[in-house]
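A.B. asks: What follows is upload.pdb, PDB, C-alpha atoms and all ligand atoms.
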```pdb
MODEL        1
ATOM      1  CA  MET A 410       0.000   0.000   0.000
ATOM      2  CA  THR A 411       1.332   3.415  -0.977
ATOM      3  CA  ARG A 412       1.851   5.752   1.929
ATOM      4  CA  VAL A 413       0.223   9.165   1.642
ATOM      5  CA  THR A 414       1.053  12.413   3.401
ATOM      6  CA  ARG A 415      -0.132  15.969   3.090
ATOM      7  CA  LEU A 416       1.170  19.504   3.046
ATOM      8  CA  ALA A 417      -1.512  21.553   4.798
ATOM      9  CA  PRO A 418      -0.672  25.257   4.757
ATOM     10  CA  SER A 419      -3.162  27.649   6.292
ATOM     11  CA  PRO A 420      -4.013  30.512   3.964
ATOM     12  CA  THR A 421      -3.816  33.231   6.640
ATOM     13  CA  GLY A 422      -0.315  34.365   5.826
ATOM     14  CA  SER A 423       2.652  33.520   3.685
ATOM     15  CA  LEU A 424       4.900  30.631   4.488
ATOM     16  CA  HIS A 425       7.629  31.581   6.946
ATOM     17  CA  LEU A 426      10.831  29.708   7.744
ATOM     18  CA  GLY A 427       9.111  27.659  10.470
ATOM     19  CA  ASN A 428       6.354  26.125   8.388
ATOM     20  CA  ALA A 429       8.664  25.938   5.353
ATOM     21  CA  ARG A 430      10.996  23.735   7.441
ATOM     22  CA  THR A 431       8.076  21.440   8.321
ATOM     23  CA  PHE A 432       6.946  21.213   4.686
ATOM     24  CA  LEU A 433      10.495  20.513   3.505
ATOM     25  CA  ALA A 434      10.758  17.678   6.065
ATOM     26  CA  THR A 435       7.377  16.299   4.996
ATOM     27  CA  TRP A 436       8.298  16.436   1.318
ATOM     28  CA  ALA A 437      11.765  14.917   1.849
ATOM     29  CA  MET A 438      10.398  12.010   3.913
ATOM     30  CA  ALA A 439       7.659  11.373   1.395
ATOM     31  CA  ARG A 440       9.718  11.603  -1.787
ATOM     32  CA  HIS A 441      12.537   9.601  -0.212
ATOM     33  CA  GLY A 442      10.068   6.843   0.579
ATOM     34  CA  GLY A 443       8.088   7.051  -2.673
ATOM     35  CA  TRP A 444       4.917   8.227  -0.943
ATOM     36  CA  ARG A 445       2.116  10.232  -2.471
ATOM     37  CA  VAL A 446       2.007  13.909  -1.398
ATOM     38  CA  ILE A 447      -1.214  15.892  -1.431
ATOM     39  CA  LEU A 448      -1.652  19.611  -0.907
ATOM     40  CA  ARG A 449      -4.577  20.698   1.219
ATOM     41  CA  ILE A 450      -5.403  24.268   2.112
ATOM     42  CA  ASP A 451      -6.532  24.340   5.765
ATOM     43  CA  ASP A 452      -8.895  27.295   5.650
ATOM     44  CA  ILE A 453     -11.431  26.049   8.216
ATOM     45  CA  ASP A 454     -10.763  28.722  10.817
ATOM     46  CA  THR A 455     -10.190  31.477   8.274
ATOM     47  CA  PRO A 456     -13.511  32.166   6.557
ATOM     48  CA  ARG A 457     -12.196  35.236   4.794
ATOM     49  CA  VAL A 458      -9.246  34.025   2.807
ATOM     50  CA  LYS A 459      -7.538  36.946   1.118
ATOM     51  CA  PRO A 460      -7.333  36.561  -2.645
ATOM     52  CA  GLY A 461      -3.906  35.457  -3.747
ATOM     53  CA  THR A 462      -2.815  33.838  -0.488
ATOM     54  CA  ILE A 463      -3.422  30.266  -1.672
ATOM     55  CA  GLN A 464      -1.484  30.996  -4.851
ATOM     56  CA  GLY A 465       1.209  32.626  -2.705
ATOM     57  CA  ALA A 466       1.619  29.491  -0.576
ATOM     58  CA  MET A 467       1.899  27.339  -3.713
ATOM     59  CA  ASP A 468       4.447  29.710  -5.248
ATOM     60  CA  ASP A 469       6.540  29.603  -2.051
ATOM     61  CA  LEU A 470       6.472  25.798  -1.980
ATOM     62  CA  ARG A 471       7.442  25.499  -5.645
ATOM     63  CA  TRP A 472      10.240  28.039  -5.225
ATOM     64  CA  LEU A 473      11.674  25.797  -2.485
ATOM     65  CA  GLY A 474      11.475  22.809  -4.846
ATOM     66  CA  ILE A 475       8.567  21.202  -2.964
ATOM     67  CA  ASP A 476       6.026  19.543  -5.258
ATOM     68  CA  TRP A 477       2.843  17.527  -4.741
ATOM     69  CA  ASP A 478       0.581  15.124  -6.618
ATOM     70  CA  GLY A 479      -2.720  16.149  -8.158
ATOM     71  CA  GLU A 480      -4.811  19.244  -7.648
ATOM     72  CA  PRO A 481      -4.826  20.988  -4.254
ATOM     73  CA  THR A 482      -7.935  20.454  -2.132
ATOM     74  CA  ILE A 483      -9.564  23.205  -0.099
ATOM     75  CA  GLN A 484     -10.977  22.264   3.311
ATOM     76  CA  THR A 485     -14.026  24.519   3.119
ATOM     77  CA  HIS A 486     -15.000  22.914  -0.218
ATOM     78  CA  ARG A 487     -15.690  19.636   1.595
ATOM     79  CA  ALA A 488     -18.767  20.871   3.480
ATOM     80  CA  THR A 489     -20.816  17.795   2.468
ATOM     81  CA  ASP A 490     -18.240  15.410   3.968
ATOM     82  CA  HIS A 491     -18.049  17.469   7.159
ATOM     83  CA  ALA A 492     -21.842  17.584   7.506
ATOM     84  CA  ALA A 493     -22.067  13.803   6.962
ATOM     85  CA  ALA A 494     -19.469  13.123   9.645
ATOM     86  CA  ILE A 495     -21.184  15.468  12.121
ATOM     87  CA  ALA A 496     -24.608  13.911  11.398
ATOM     88  CA  GLU A 497     -23.140  10.447  11.984
ATOM     89  CA  LEU A 498     -21.645  11.492  15.335
ATOM     90  CA  ILE A 499     -24.994  12.967  16.400
ATOM     91  CA  ALA A 500     -26.954   9.885  15.263
ATOM     92  CA  ASN A 501     -24.614   7.555  17.136
ATOM     93  CA  GLN A 502     -24.703   9.758  20.240
ATOM     94  CA  LYS A 503     -20.954  10.245  20.183
ATOM     95  CA  VAL A 504     -21.239  13.973  20.898
ATOM     96  CA  TYR A 505     -23.283  16.158  23.233
ATOM     97  CA  PRO A 506     -24.604  19.717  23.018
ATOM     98  CA  CYS A 507     -22.850  22.424  25.038
ATOM     99  CA  ILE A 508     -24.356  25.865  25.638
ATOM    100  CA  CYS A 509     -21.535  27.272  27.773
ATOM    101  CA  THR A 510     -20.113  30.646  26.869
ATOM    102  CA  ARG A 511     -16.362  31.145  26.877
ATOM    103  CA  LYS A 512     -16.738  33.269  30.025
ATOM    104  CA  GLU A 513     -18.573  30.447  31.843
ATOM    105  CA  ILE A 514     -15.882  27.961  30.868
ATOM    106  CA  GLU A 515     -13.146  30.295  32.102
ATOM    107  CA  LEU A 516     -14.945  30.645  35.440
ATOM    108  CA  ALA A 517     -15.669  26.945  35.810
ATOM    109  CA  ALA A 518     -12.454  25.415  34.495
ATOM    110  CA  SER A 519     -10.707  23.577  37.267
ATOM    111  CA  ALA A 520      -7.526  22.859  35.348
ATOM    112  CA  PRO A 521      -6.138  26.192  34.174
ATOM    113  CA  HIS A 522      -4.939  25.441  30.657
ATOM    114  CA  ALA A 523      -4.264  22.543  28.366
ATOM    115  CA  GLU A 524      -0.689  22.050  27.203
ATOM    116  CA  ASP A 525      -1.462  23.831  23.944
ATOM    117  CA  GLY A 526      -2.856  26.885  25.737
ATOM    118  CA  GLY A 527      -6.575  26.154  25.266
ATOM    119  CA  LEU A 528      -8.945  25.854  28.211
ATOM    120  CA  VAL A 529      -9.733  22.398  29.518
ATOM    121  CA  TYR A 530     -13.518  22.169  29.396
ATOM    122  CA  PRO A 531     -14.802  20.950  32.781
ATOM    123  CA  GLY A 532     -17.655  18.858  31.331
ATOM    124  CA  THR A 533     -20.483  21.091  32.562
ATOM    125  CA  CYS A 534     -22.949  20.056  29.834
ATOM    126  CA  ARG A 535     -22.144  16.348  29.750
ATOM    127  CA  ASP A 536     -25.402  14.473  30.522
ATOM    128  CA  ARG A 537     -27.172  17.836  30.844
ATOM    129  CA  PHE A 538     -29.486  17.732  27.795
ATOM    130  CA  ALA A 539     -31.244  14.756  26.230
ATOM    131  CA  SER A 540     -31.078  16.315  22.773
ATOM    132  CA  ILE A 541     -29.786  19.235  20.727
ATOM    133  CA  ALA A 542     -33.360  20.580  20.542
ATOM    134  CA  LEU A 543     -33.660  20.685  24.343
ATOM    135  CA  ALA A 544     -30.275  22.422  24.653
ATOM    136  CA  THR A 545     -31.348  24.972  22.043
ATOM    137  CA  ALA A 546     -34.635  25.597  23.886
ATOM    138  CA  ALA A 547     -32.800  26.021  27.210
ATOM    139  CA  ALA A 548     -30.242  28.484  25.863
ATOM    140  CA  GLY A 549     -32.352  30.273  23.284
ATOM    141  CA  ARG A 550     -29.594  29.624  20.743
ATOM    142  CA  ALA A 551     -27.934  26.667  19.054
ATOM    143  CA  PRO A 552     -25.313  24.725  21.053
ATOM    144  CA  ALA A 553     -21.818  23.666  20.049
ATOM    145  CA  LEU A 554     -21.152  19.906  19.941
ATOM    146  CA  ARG A 555     -18.475  18.322  22.096
ATOM    147  CA  LEU A 556     -16.882  14.902  22.006
ATOM    148  CA  PRO A 557     -16.536  13.498  25.537
ATOM    149  CA  VAL A 558     -13.093  12.127  26.427
ATOM    150  CA  PRO A 559     -12.788   9.004  28.591
ATOM    151  CA  ASP A 560     -11.183   9.401  32.008
ATOM    152  CA  GLN A 561      -7.907   7.716  31.151
ATOM    153  CA  VAL A 562      -4.322   8.279  30.097
ATOM    154  CA  PHE A 563      -3.765   8.265  26.332
ATOM    155  CA  LYS A 564      -0.348   6.945  25.280
ATOM    156  CA  PHE A 565       1.194   6.896  21.833
ATOM    157  CA  VAL A 566       4.555   6.675  20.143
ATOM    158  CA  ASP A 567       5.437   9.553  17.843
ATOM    159  CA  GLU A 568       7.889   8.779  15.025
ATOM    160  CA  CYS A 569      10.027  11.787  16.032
ATOM    161  CA  ALA A 570       8.908  12.973  19.482
ATOM    162  CA  GLY A 571       8.931   9.436  20.925
ATOM    163  CA  GLU A 572       6.639   8.128  23.665
ATOM    164  CA  ARG A 573       4.085  10.661  24.768
ATOM    165  CA  GLN A 574       1.062  10.620  27.005
ATOM    166  CA  PHE A 575      -1.824  12.859  27.939
ATOM    167  CA  ASP A 576      -4.249  12.589  30.818
ATOM    168  CA  LEU A 577      -7.434  13.047  28.812
ATOM    169  CA  ALA A 578      -9.604  14.467  31.587
ATOM    170  CA  SER A 579      -7.144  17.001  33.022
ATOM    171  CA  GLU A 580      -5.025  17.886  29.976
ATOM    172  CA  ILE A 581      -7.420  17.591  27.027
ATOM    173  CA  GLY A 582     -11.048  17.749  28.194
ATOM    174  CA  ASP A 583     -14.223  17.299  26.136
ATOM    175  CA  PHE A 584     -13.587  19.267  22.954
ATOM    176  CA  VAL A 585     -15.699  20.985  20.302
ATOM    177  CA  ILE A 586     -16.106  19.150  17.003
ATOM    178  CA  ALA A 587     -18.876  21.345  15.542
ATOM    179  CA  LYS A 588     -19.750  24.989  16.063
ATOM    180  CA  PRO A 589     -23.343  26.143  16.762
ATOM    181  CA  ASP A 590     -23.955  26.584  13.009
ATOM    182  CA  LEU A 591     -22.855  22.932  12.618
ATOM    183  CA  SER A 592     -19.737  23.918  10.720
ATOM    184  CA  PRO A 593     -16.779  21.687  11.627
ATOM    185  CA  ALA A 594     -14.126  22.590  14.176
ATOM    186  CA  TYR A 595     -10.514  22.291  12.995
ATOM    187  CA  GLN A 596      -9.921  18.831  14.535
ATOM    188  CA  LEU A 597     -12.939  17.261  12.820
ATOM    189  CA  ALA A 598     -12.170  18.843   9.444
ATOM    190  CA  CYS A 599      -8.618  17.594   9.738
ATOM    191  CA  VAL A 600      -9.679  13.981  10.384
ATOM    192  CA  VAL A 601     -12.329  14.025   7.636
ATOM    193  CA  GLY A 602      -9.827  15.482   5.157
ATOM    194  CA  ASP A 603      -7.075  13.045   6.092
ATOM    195  CA  SER A 604      -9.272   9.950   6.037
ATOM    196  CA  ALA A 605     -10.939  10.941   2.731
ATOM    197  CA  ALA A 606      -7.507  11.314   1.138
ATOM    198  CA  GLY A 607      -6.197   8.072   2.648
ATOM    199  CA  VAL A 608      -3.457   9.899   4.559
ATOM    200  CA  THR A 609      -1.184   7.385   6.306
ATOM    201  CA  ASP A 610       1.406   9.817   7.657
ATOM    202  CA  VAL A 611       0.961  13.192   9.338
ATOM    203  CA  ILE A 612       4.107  15.278   9.733
ATOM    204  CA  ARG A 613       3.864  18.608  11.535
ATOM    205  CA  ALA A 614       5.477  20.711  14.272
ATOM    206  CA  ASP A 615       5.279  19.576  17.883
ATOM    207  CA  ASP A 616       3.016  22.431  18.986
ATOM    208  CA  LEU A 617       0.280  20.138  17.633
ATOM    209  CA  LEU A 618       1.154  17.075  19.747
ATOM    210  CA  ALA A 619      -1.993  17.569  21.848
ATOM    211  CA  SER A 620      -4.060  17.221  18.659
ATOM    212  CA  VAL A 621      -3.117  13.525  18.467
ATOM    213  CA  PRO A 622      -5.429  12.290  21.253
ATOM    214  CA  ARG A 623      -8.261  14.480  19.954
ATOM    215  CA  GLN A 624      -7.891  13.271  16.387
ATOM    216  CA  VAL A 625      -7.540   9.608  17.353
ATOM    217  CA  LEU A 626     -10.736   9.896  19.454
ATOM    218  CA  ILE A 627     -12.524  11.348  16.416
ATOM    219  CA  TYR A 628     -11.291   8.484  14.199
ATOM    220  CA  ASP A 629     -12.630   6.056  16.843
ATOM    221  CA  ALA A 630     -15.984   7.832  17.135
ATOM    222  CA  LEU A 631     -16.395   7.715  13.349
ATOM    223  CA  GLY A 632     -15.592   3.983  13.254
ATOM    224  CA  LEU A 633     -12.336   4.728  11.427
ATOM    225  CA  ALA A 634      -9.896   3.394  14.015
ATOM    226  CA  ASP A 635      -8.099   1.453  11.234
ATOM    227  CA  CYS A 636      -7.349   4.725   9.417
ATOM    228  CA  VAL A 637      -5.403   6.444  12.215
ATOM    229  CA  PRO A 638      -2.186   7.701  10.593
ATOM    230  CA  ARG A 639       1.385   7.557  11.878
ATOM    231  CA  TYR A 640       2.315  10.835  13.545
ATOM    232  CA  THR A 641       5.671  12.576  13.228
ATOM    233  CA  HIS A 642       6.044  15.805  15.189
ATOM    234  CA  VAL A 643       9.235  17.739  14.504
ATOM    235  CA  PRO A 644      10.445  20.390  16.990
ATOM    236  CA  LEU A 645       8.927  23.833  16.624
ATOM    237  CA  VAL A 646      11.069  26.624  15.160
ATOM    238  CA  VAL A 647      11.260  29.429  17.717
ATOM    239  CA  GLY A 648      12.864  32.862  17.989
ATOM    240  CA  GLU A 649      15.735  33.683  20.350
ATOM    241  CA  ASP A 650      13.152  34.374  23.083
ATOM    242  CA  GLY A 651      11.964  30.752  22.858
ATOM    243  CA  LYS A 652       8.595  31.758  21.432
ATOM    244  CA  ARG A 653       7.050  30.443  18.237
ATOM    245  CA  LEU A 654       8.343  32.223  15.121
ATOM    246  CA  ALA A 655       6.241  35.334  14.527
ATOM    247  CA  LYS A 656       6.395  38.861  13.182
ATOM    248  CA  ARG A 657       8.289  40.167  16.205
ATOM    249  CA  HIS A 658      11.242  37.979  15.172
ATOM    250  CA  GLY A 659      11.540  39.876  11.906
ATOM    251  CA  ASP A 660      10.261  39.180   8.466
ATOM    252  CA  SER A 661      11.034  35.500   7.954
ATOM    253  CA  ARG A 662       8.562  35.046   5.117
ATOM    254  CA  ILE A 663       9.746  32.952   2.202
ATOM    255  CA  ALA A 664       8.230  35.516  -0.201
ATOM    256  CA  THR A 665      10.487  38.211   1.242
ATOM    257  CA  TYR A 666      13.693  36.229   0.750
ATOM    258  CA  ARG A 667      12.535  35.463  -2.764
ATOM    259  CA  GLU A 668      11.897  39.141  -3.498
ATOM    260  CA  ILE A 669      15.246  40.380  -2.203
ATOM    261  CA  GLY A 670      17.127  37.816  -4.270
ATOM    262  CA  VAL A 671      18.175  35.201  -1.720
ATOM    263  CA  PRO A 672      18.610  32.001  -3.756
ATOM    264  CA  PRO A 673      16.291  29.101  -2.794
ATOM    265  CA  GLY A 674      19.311  26.842  -2.239
ATOM    266  CA  ARG A 675      20.477  29.126   0.558
ATOM    267  CA  VAL A 676      17.084  29.088   2.304
ATOM    268  CA  ARG A 677      16.993  25.293   1.846
ATOM    269  CA  ALA A 678      20.470  25.069   3.394
ATOM    270  CA  LEU A 679      19.283  26.764   6.599
ATOM    271  CA  LEU A 680      16.126  24.619   6.735
ATOM    272  CA  SER A 681      18.233  21.502   6.060
ATOM    273  CA  ARG A 682      20.603  22.261   8.935
ATOM    274  CA  TRP A 683      17.522  22.529  11.154
ATOM    275  CA  LEU A 684      16.694  18.991  10.012
ATOM    276  CA  GLY A 685      20.123  17.669  10.958
ATOM    277  CA  ILE A 686      21.471  17.613   7.400
ATOM    278  CA  ASP A 687      25.115  18.629   7.228
ATOM    279  CA  CYS A 688      25.454  21.037   4.302
ATOM    280  CA  GLY A 689      27.296  24.083   3.032
ATOM    281  CA  ASP A 690      25.872  27.370   1.783
ATOM    282  CA  THR A 691      23.481  25.780  -0.671
ATOM    283  CA  ILE A 692      21.690  22.495  -1.250
ATOM    284  CA  THR A 693      19.356  21.245  -3.986
ATOM    285  CA  ALA A 694      15.937  19.806  -3.236
ATOM    286  CA  ASP A 695      17.150  16.456  -4.592
ATOM    287  CA  GLU A 696      20.061  16.456  -2.154
ATOM    288  CA  VAL A 697      17.681  17.214   0.747
ATOM    289  CA  LYS A 698      15.538  14.262  -0.336
ATOM    290  CA  GLY A 699      18.545  11.953  -0.599
ATOM    291  CA  ARG A 700      20.123  12.963   2.694
ATOM    292  CA  PHE A 701      17.102  13.401   4.963
ATOM    293  CA  ASP A 702      17.184  11.024   7.923
ATOM    294  CA  LEU A 703      14.491  11.316  10.601
ATOM    295  CA  ARG A 704      16.903   9.871  13.186
ATOM    296  CA  ARG A 705      19.146  12.933  12.731
ATOM    297  CA  VAL A 706      16.400  15.516  13.190
ATOM    298  CA  PRO A 707      17.121  17.419  16.440
ATOM    299  CA  ARG A 708      14.732  16.678  19.301
ATOM    300  CA  GLU A 709      14.937  20.117  20.935
ATOM    301  CA  PRO A 710      13.335  23.365  19.681
ATOM    302  CA  ILE A 711      15.067  24.930  16.681
ATOM    303  CA  ILE A 712      16.171  28.523  17.332
ATOM    304  CA  PHE A 713      16.129  31.027  14.476
ATOM    305  CA  THR A 714      18.876  33.475  15.462
ATOM    306  CA  ALA A 715      19.807  36.979  14.338
ATOM    307  CA  GLY A 716      22.957  35.327  12.966
ATOM    308  CA  ASP A 717      20.847  32.995  10.783
ATOM    309  CA  GLU A 718      18.901  35.966   9.473
ATOM    310  CA  ALA A 719      22.084  37.937   8.693
ATOM    311  CA  TRP A 720      23.600  34.892   6.979
ATOM    312  CA  LEU A 721      20.512  34.375   4.815
ATOM    313  CA  ARG A 722      20.537  38.001   3.690
ATOM    314  CA  SER A 723      24.300  38.243   3.162
ATOM    315  CA  VAL A 724      24.239  37.013  -0.436
ATOM    316  CA  ASN A 725      24.645  40.338  -2.178
TER
HETATM  317 ZN    ZN A 801     -21.217  23.400  28.239
ENDMDL
END
```
Before we go any further, please render this structure as structure tokens.
Ligand SMILES: [Zn+2]

C.D. replies:
Amino acid sequence: MTRVTRLAPSPTGSLHLGNARTFLATWAMARHGGWRVILRIDDIDTPRVKPGTIQGAMDDLRWLGIDWDGEPTIQTHRATDHAAAIAELIANQKVYPCICTRKEIELAASAPHAEDGGLVYPGTCRDRFASIALATAAAGRAPALRLPVPDQVFKFVDECAGERQFDLASEIGDFVIAKPDLSPAYQLACVVGDSAAGVTDVIRADDLLASVPRQVLIYDALGLADCVPRYTHVPLVVGEDGKRLAKRHGDSRIATYREIGVPPGRVRALLSRWLGIDCGDTITADEVKGRFDLRRVPREPIIFTAGDEAWLRSVN
């Protein structure tokens, strides 16, 4: 069976060095192993996608030598699949309606925050309403739908991050899979998109490790336990302050380096070093593919330094 992975850029902004590193790793692993690579635009939480941003992400990927198979898919174009999955979860009583406001959850939450910064929902509405209609009548508005998590420890082995575990009740909590308008939450859309495309391998940065238990629980609830992919979480690229790469760390957008004339081989060389590939000032995409070895990928956060930035821009 051919393995399948996906590049899933969000269309909110251009690719920066952090997500470019993750996509280069994904592409190198996949092409090295002869897997199929699909491109999926994850626009679920960004209803107003600016014109040109999807094209911009594709241009950035191509400039780096990253290619994919077939036409790109757009998450929000799969509304029928999302609605079918949500209807199935409702019919099989795998989810429950929740009418809590964010304020109420903040006040009630016993555990302060989940590892990924979100609030751990305390389960207020579990067993509270016999149906969505009764919840709607009680609140005077439509409820969100939550998937209840069992009170147990969830363990898994990540291909890069190793053995991990989450206490589902205190670290994850019952989570939203559909918003009050019955549009899908990110986690559900992700599982529906991955399973529809036959994705066998998910490669992403380790700020999404806590999505693993949520997504596996969704696969289970949908009767798709056999489709759970292998997960590979590579260390997040951070600035010198240890925080996730963002605007305050300077303009690390791929489009900017392209515009000022930094050659793609030089950008690839920096990204390759972050993946544990020993290389000089430039490297071809083919060389990245040939030399990528998951065992050599660093296990600690990758720091984008002022020195890296100066080196990248020092071509002229
Ligand atoms: Zn609630």

A.B. asks: Which residue gives the smallest distance to Arg667 in chain A among A:Arg682, A:Arg471, A:Arg445, A:Arg430, with all atoms listed in the file counted?

C.D. replies: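 Of A:Arg682, A:Arg471, A:Arg445, A:Arg430, the one nearest Arg667 in chain A is A:Arg471, counting all atoms listed in the file.
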
A.B. asks: Counting only C-alpha atoms, what is within 9 Å of Phe565 in chain A, bar same-chain residues fewer than 5 positions away, as a VMD selection string?

C.D. replies: chain A and resid 571 to 574 621 to 622

A.B. asks: Wanna dump the chain A-ligand ZN 801 (chain A) contacts at 10 Å for me, each residue with its shortest atom pair and the distance in Å to one decimal, counting all atoms listed in the file, ordered by chain and number, as a Markdown table?

C.D. replies:
```
| residue | atom | partner | partner_atom | distance |
| --- | --- | --- | --- | --- |
| A:Tyr505 | CA | A:ZN801 | ZN | 9.0 |
| A:Pro506 | CA | A:ZN801 | ZN | 7.2 |
| A:Cys507 | CA | A:ZN801 | ZN | 3.7 |
| A:Ile508 | CA | A:ZN801 | ZN | 4.8 |
| A:Cys509 | CA | A:ZN801 | ZN | 3.9 |
| A:Thr510 | CA | A:ZN801 | ZN | 7.5 |
| A:Arg511 | CA | A:ZN801 | ZN | 9.2 |
| A:Glu513 | CA | A:ZN801 | ZN | 8.3 |
| A:Ile514 | CA | A:ZN801 | ZN | 7.5 |
| A:Tyr530 | CA | A:ZN801 | ZN | 7.9 |
| A:Pro531 | CA | A:ZN801 | ZN | 8.2 |
| A:Gly532 | CA | A:ZN801 | ZN | 6.5 |
| A:Thr533 | CA | A:ZN801 | ZN | 5.0 |
| A:Cys534 | CA | A:ZN801 | ZN | 4.1 |
| A:Arg535 | CA | A:ZN801 | ZN | 7.3 |
| A:Arg537 | CA | A:ZN801 | ZN | 8.6 |
| A:Ala544 | CA | A:ZN801 | ZN | 9.8 |
| A:Pro552 | CA | A:ZN801 | ZN | 8.4 |
| A:Ala553 | CA | A:ZN801 | ZN | 8.2 |
| A:Leu554 | CA | A:ZN801 | ZN | 9.0 |
| A:Arg555 | CA | A:ZN801 | ZN | 8.4 |
| A:Asp583 | CA | A:ZN801 | ZN | 9.5 |
| A:Val585 | CA | A:ZN801 | ZN | 10.0 |
```

A.B. asks: Put the listed atoms of range 495-506 of chain A in a box along x, y and z with 4 Å added on every side and give me the centre and edge lengths in Å to one decimal, as JSON.

C.D. replies:
```
{"center_x": -24.0, "center_y": 13.6, "center_z": 17.3, "size_x": 14.0, "size_y": 20.2, "size_z": 19.8}
```

A.B. asks: Tell me, in Å to one decimal, how far CA of Ile541 in chain A is from CA of Leu498 in chain A.

C.D. replies: 12.5 Å

A.B. asks: Output as a tab-separated table one row per residue of range 417-482 of chain A within 12 Å of range 638-645 of chain A: the closest atom pair and its distance in Å to one decimal place, counting all atoms listed in the file, sorted by chain and residue number ascending.

C.D. replies:
```
residue	atom	partner	partner_atom	distance
A:Leu426	CA	A:Leu645	CA	10.8
A:Gly427	CA	A:Leu645	CA	7.2
A:Asn428	CA	A:Leu645	CA	8.9
A:Ala429	CA	A:Leu645	CA	11.5
A:Arg430	CA	A:Leu645	CA	9.4
A:Thr431	CA	A:Val643	CA	7.3
A:Phe432	CA	A:Val643	CA	10.7
A:Leu433	CA	A:Val643	CA	11.4
A:Ala434	CA	A:Val643	CA	8.6
A:Thr435	CA	A:Thr641	CA	9.2
A:Met438	CA	A:Thr641	CA	10.5
```

A.B. asks: Rounded to one decimal in Å, what is the spacing between CA of Pro672 in chain A and CA of Asp687 in chain A?

C.D. replies: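 So the two atoms, CA of Pro672 in chain A and CA of Asp687 in chain A, lie 18.5 Å apart.
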
A.B. asks: The PyMOL selection byres (((chain A and resi 578) around 9) and not hetatm) - which residues does that actually catch in the file I just gave you? List them as a PDB file with C-alpha atoms, in the coordinates of the input.

C.D. replies:
```pdb
ATOM      1  CA  VAL A 529      -9.733  22.398  29.518  1.00  0.00           C
ATOM      2  CA  TYR A 530     -13.518  22.169  29.396  1.00  0.00           C
ATOM      3  CA  PRO A 531     -14.802  20.950  32.781  1.00  0.00           C
ATOM      4  CA  VAL A 558     -13.093  12.127  26.427  1.00  0.00           C
ATOM      5  CA  PRO A 559     -12.788   9.004  28.591  1.00  0.00           C
ATOM      6  CA  ASP A 560     -11.183   9.401  32.008  1.00  0.00           C
ATOM      7  CA  GLN A 561      -7.907   7.716  31.151  1.00  0.00           C
ATOM      8  CA  VAL A 562      -4.322   8.279  30.097  1.00  0.00           C
ATOM      9  CA  PHE A 575      -1.824  12.859  27.939  1.00  0.00           C
ATOM     10  CA  ASP A 576      -4.249  12.589  30.818  1.00  0.00           C
ATOM     11  CA  LEU A 577      -7.434  13.047  28.812  1.00  0.00           C
ATOM     12  CA  SER A 579      -7.144  17.001  33.022  1.00  0.00           C
ATOM     13  CA  GLU A 580      -5.025  17.886  29.976  1.00  0.00           C
ATOM     14  CA  ILE A 581      -7.420  17.591  27.027  1.00  0.00           C
ATOM     15  CA  GLY A 582     -11.048  17.749  28.194  1.00  0.00           C
ATOM     16  CA  ASP A 583     -14.223  17.299  26.136  1.00  0.00           C
TER      17      ASP A 583
END
```

A.B. asks: For each of A:Leu591, A:Ala496, A:Ile669, A:Leu448, take the minimum atom-to-atom distance to Met467 in chain A, counting all atoms listed in the file, then give the residue where this is smallest.

C.D. replies: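 Of A:Leu591, A:Ala496, A:Ile669, A:Leu448, the one nearest Met467 in chain A, counting all atoms listed in the file, is A:Leu448.
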
A.B. asks: Run the PyMOL selection byres (((chain A and resi 654-659) around 12) and not hetatm) on the file and write out the hits as a short mmCIF file (atom, residue, chain, number, x, y, z; two decimals) with C-alpha atoms, keeping the file's coordinate frame.

C.D. replies:
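Saved the output as part.cif:
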```
data_model
loop_
_atom_site.label_atom_id
_atom_site.label_comp_id
_atom_site.auth_asym_id
_atom_site.auth_seq_id
_atom_site.Cartn_x
_atom_site.Cartn_y
_atom_site.Cartn_z
CA GLY A 422 -0.32 34.36 5.83
CA SER A 423 2.65 33.52 3.68
CA LEU A 424 4.90 30.63 4.49
CA HIS A 425 7.63 31.58 6.95
CA LEU A 426 10.83 29.71 7.74
CA GLY A 427 9.11 27.66 10.47
CA ASN A 428 6.35 26.12 8.39
CA ALA A 429 8.66 25.94 5.35
CA ARG A 430 11.00 23.74 7.44
CA ALA A 614 5.48 20.71 14.27
CA ASP A 616 3.02 22.43 18.99
CA LEU A 645 8.93 23.83 16.62
CA VAL A 646 11.07 26.62 15.16
CA VAL A 647 11.26 29.43 17.72
CA GLY A 648 12.86 32.86 17.99
CA GLU A 649 15.74 33.68 20.35
CA ASP A 650 13.15 34.37 23.08
CA GLY A 651 11.96 30.75 22.86
CA LYS A 652 8.60 31.76 21.43
CA ARG A 653 7.05 30.44 18.24
CA ASP A 660 10.26 39.18 8.47
CA SER A 661 11.03 35.50 7.95
CA ARG A 662 8.56 35.05 5.12
CA THR A 665 10.49 38.21 1.24
CA TYR A 666 13.69 36.23 0.75
CA PRO A 710 13.34 23.36 19.68
CA ILE A 711 15.07 24.93 16.68
CA ILE A 712 16.17 28.52 17.33
CA PHE A 713 16.13 31.03 14.48
CA THR A 714 18.88 33.48 15.46
CA ALA A 715 19.81 36.98 14.34
CA ASP A 717 20.85 32.99 10.78
CA GLU A 718 18.90 35.97 9.47
CA ALA A 719 22.08 37.94 8.69
#
```

A.B. asks: Tell me which of A:Gly479, A:Gly474, A:Gln484, A:Val566 sits closest to Ser592 in chain A, counting all atoms listed in the file.

C.D. replies: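 Comparing A:Gly479, A:Gly474, A:Gln484, A:Val566 against Ser592 in chain A, the winner is A:Gln484.
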
A.B. asks: Enter the distance from CA of Ile495 in chain A to CA of Val600 in chain A, in Å, rounded to one decimal.

C.D. replies: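 Separation of CA of Ile495 in chain A and CA of Val600 in chain A: 11.7 Å.
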